[in-house]
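Engineer: Okay, handing you the structure first.
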Amino acid sequence: MLLLWGLKTAGARELTLSAAAGFLICGIDDLAVDLIWIVRSLWRRATVYRRHARSDAATLRPASAPGRIAVFIPAWDEARVIAAMLRNTIARFGAADCRIYVGAYPNDPATIAALRGVASPQVRLVVGETGNMSHLPDDVNPSFPMTRLWRHNASRLHPHPVRIAA
């Protein structure tokens, strides 16, 4: 019995040691990123911020020639709300040079019909090639060879490019 307890303890020690080594190896890249950020922050504090004031979106001057804004919207079963949402979005953008690309699924004719009802040169309808909802970015990407669609968490987008009125 004592021999069995000794084997269990030795096995637990080996397993703990292996797990600790794994955590150390997997954490080295995180440590490297943190060290790079710390060194860069100290370098900027010692050099750049002594010569230039810090700036943020509120203190930047407007661009002399602002570029076109592209908005990509995937739409599935949105026939009831998509037209009103697009009209509201166009009104909020105002005179900004923007294009709104709405990706729709070929097996959603109601949403496609609602999108075709929005008469605006700013709105472009892009119908995917398949009806698979998880593949809309793959279906739409060939339509935009210079860009790639990325899935964004809307809460992480910057608040200043478009000011939303309540």
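By order in the structure tokens, chains are A, B, ...; within a chain, residues start at 1; ligands start at 1, following the order shown.
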Mind checking which residues fall within 8 Å of stretch 71-75 of chain A, counting only C-alpha atoms, ignoring those fewer than 4 positions away in the same chain, and posting them as a PyMOL selection string?
Structural biologist: chain A and resi 82+98-105+111+136+149
Engineer: Please produce a file of those selected residues containing N, CA, C and O atoms, as a compact mmCIF listing (two decimals), in the first residue's frame.
Structural biologist:
# COMPACT_ATOMS: atom_id res chain seq x y z
N ILE A 82 -34.31 46.09 -42.44
CA ILE A 82 -33.10 46.50 -43.15
C ILE A 82 -33.28 47.81 -43.91
O ILE A 82 -32.38 48.65 -43.92
N CYS A 98 -19.42 57.65 -48.67
CA CYS A 98 -19.46 56.31 -48.12
C CYS A 98 -20.17 55.35 -49.06
O CYS A 98 -20.98 55.76 -49.89
N ARG A 99 -19.83 54.09 -48.92
CA ARG A 99 -20.51 53.01 -49.62
C ARG A 99 -20.90 52.00 -48.56
O ARG A 99 -20.10 51.64 -47.70
N ILE A 100 -22.13 51.56 -48.66
CA ILE A 100 -22.63 50.54 -47.74
C ILE A 100 -22.86 49.28 -48.55
O ILE A 100 -23.72 49.24 -49.43
N TYR A 101 -22.05 48.26 -48.29
CA TYR A 101 -22.17 46.99 -48.97
C TYR A 101 -22.95 46.04 -48.07
O TYR A 101 -22.51 45.75 -46.96
N VAL A 102 -24.10 45.60 -48.56
CA VAL A 102 -24.95 44.71 -47.77
C VAL A 102 -24.87 43.33 -48.40
O VAL A 102 -25.26 43.13 -49.56
N GLY A 103 -24.35 42.38 -47.65
CA GLY A 103 -24.24 41.01 -48.11
C GLY A 103 -25.51 40.25 -47.75
O GLY A 103 -25.91 40.22 -46.59
N ALA A 104 -26.16 39.67 -48.74
CA ALA A 104 -27.39 38.91 -48.50
C ALA A 104 -27.21 37.49 -49.02
O ALA A 104 -26.32 37.20 -49.81
N TYR A 105 -28.08 36.64 -48.56
CA TYR A 105 -28.03 35.23 -48.93
C TYR A 105 -29.01 34.96 -50.07
O TYR A 105 -30.10 35.52 -50.09
N THR A 111 -35.39 39.56 -47.90
CA THR A 111 -34.37 40.57 -47.57
C THR A 111 -33.81 41.19 -48.84
O THR A 111 -33.59 42.41 -48.90
N LEU A 136 -20.83 33.58 -45.57
CA LEU A 136 -21.07 34.84 -46.27
C LEU A 136 -19.78 35.63 -46.51
O LEU A 136 -19.57 36.11 -47.62
N LEU A 149 -13.14 40.96 -45.73
CA LEU A 149 -14.11 41.22 -44.68
C LEU A 149 -13.62 40.61 -43.38
O LEU A 149 -13.18 39.47 -43.35
Engineer: Quick one, how far is atom CA of A:Pro66 from atom CA of A:Ala96?
Structural biologist: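 Between these atoms lies a distance of 8.8 Å.
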Engineer: In Å, with one decimal, what is the gap from atom CA of A:Ala119 to atom CA of A:Gly94?
Structural biologist: 15.3 Å
Engineer: May I have all residues of stretch 71-137 of chain A that DSSP, computed from the backbone, assigns to strand (DSSP E), given as a VMD selection string?
Structural biologist: chain A and resid 71 to 75 98 to 104 123 to 127
Engineer: Measuring between only C-alpha atoms, which one of A:Val118, A:Ala57, A:Ala95, A:Val127 shows the shortest distance to A:Ile69?
Structural biologist: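 Of all the options, A:Ala95 lies closest to A:Ile69.
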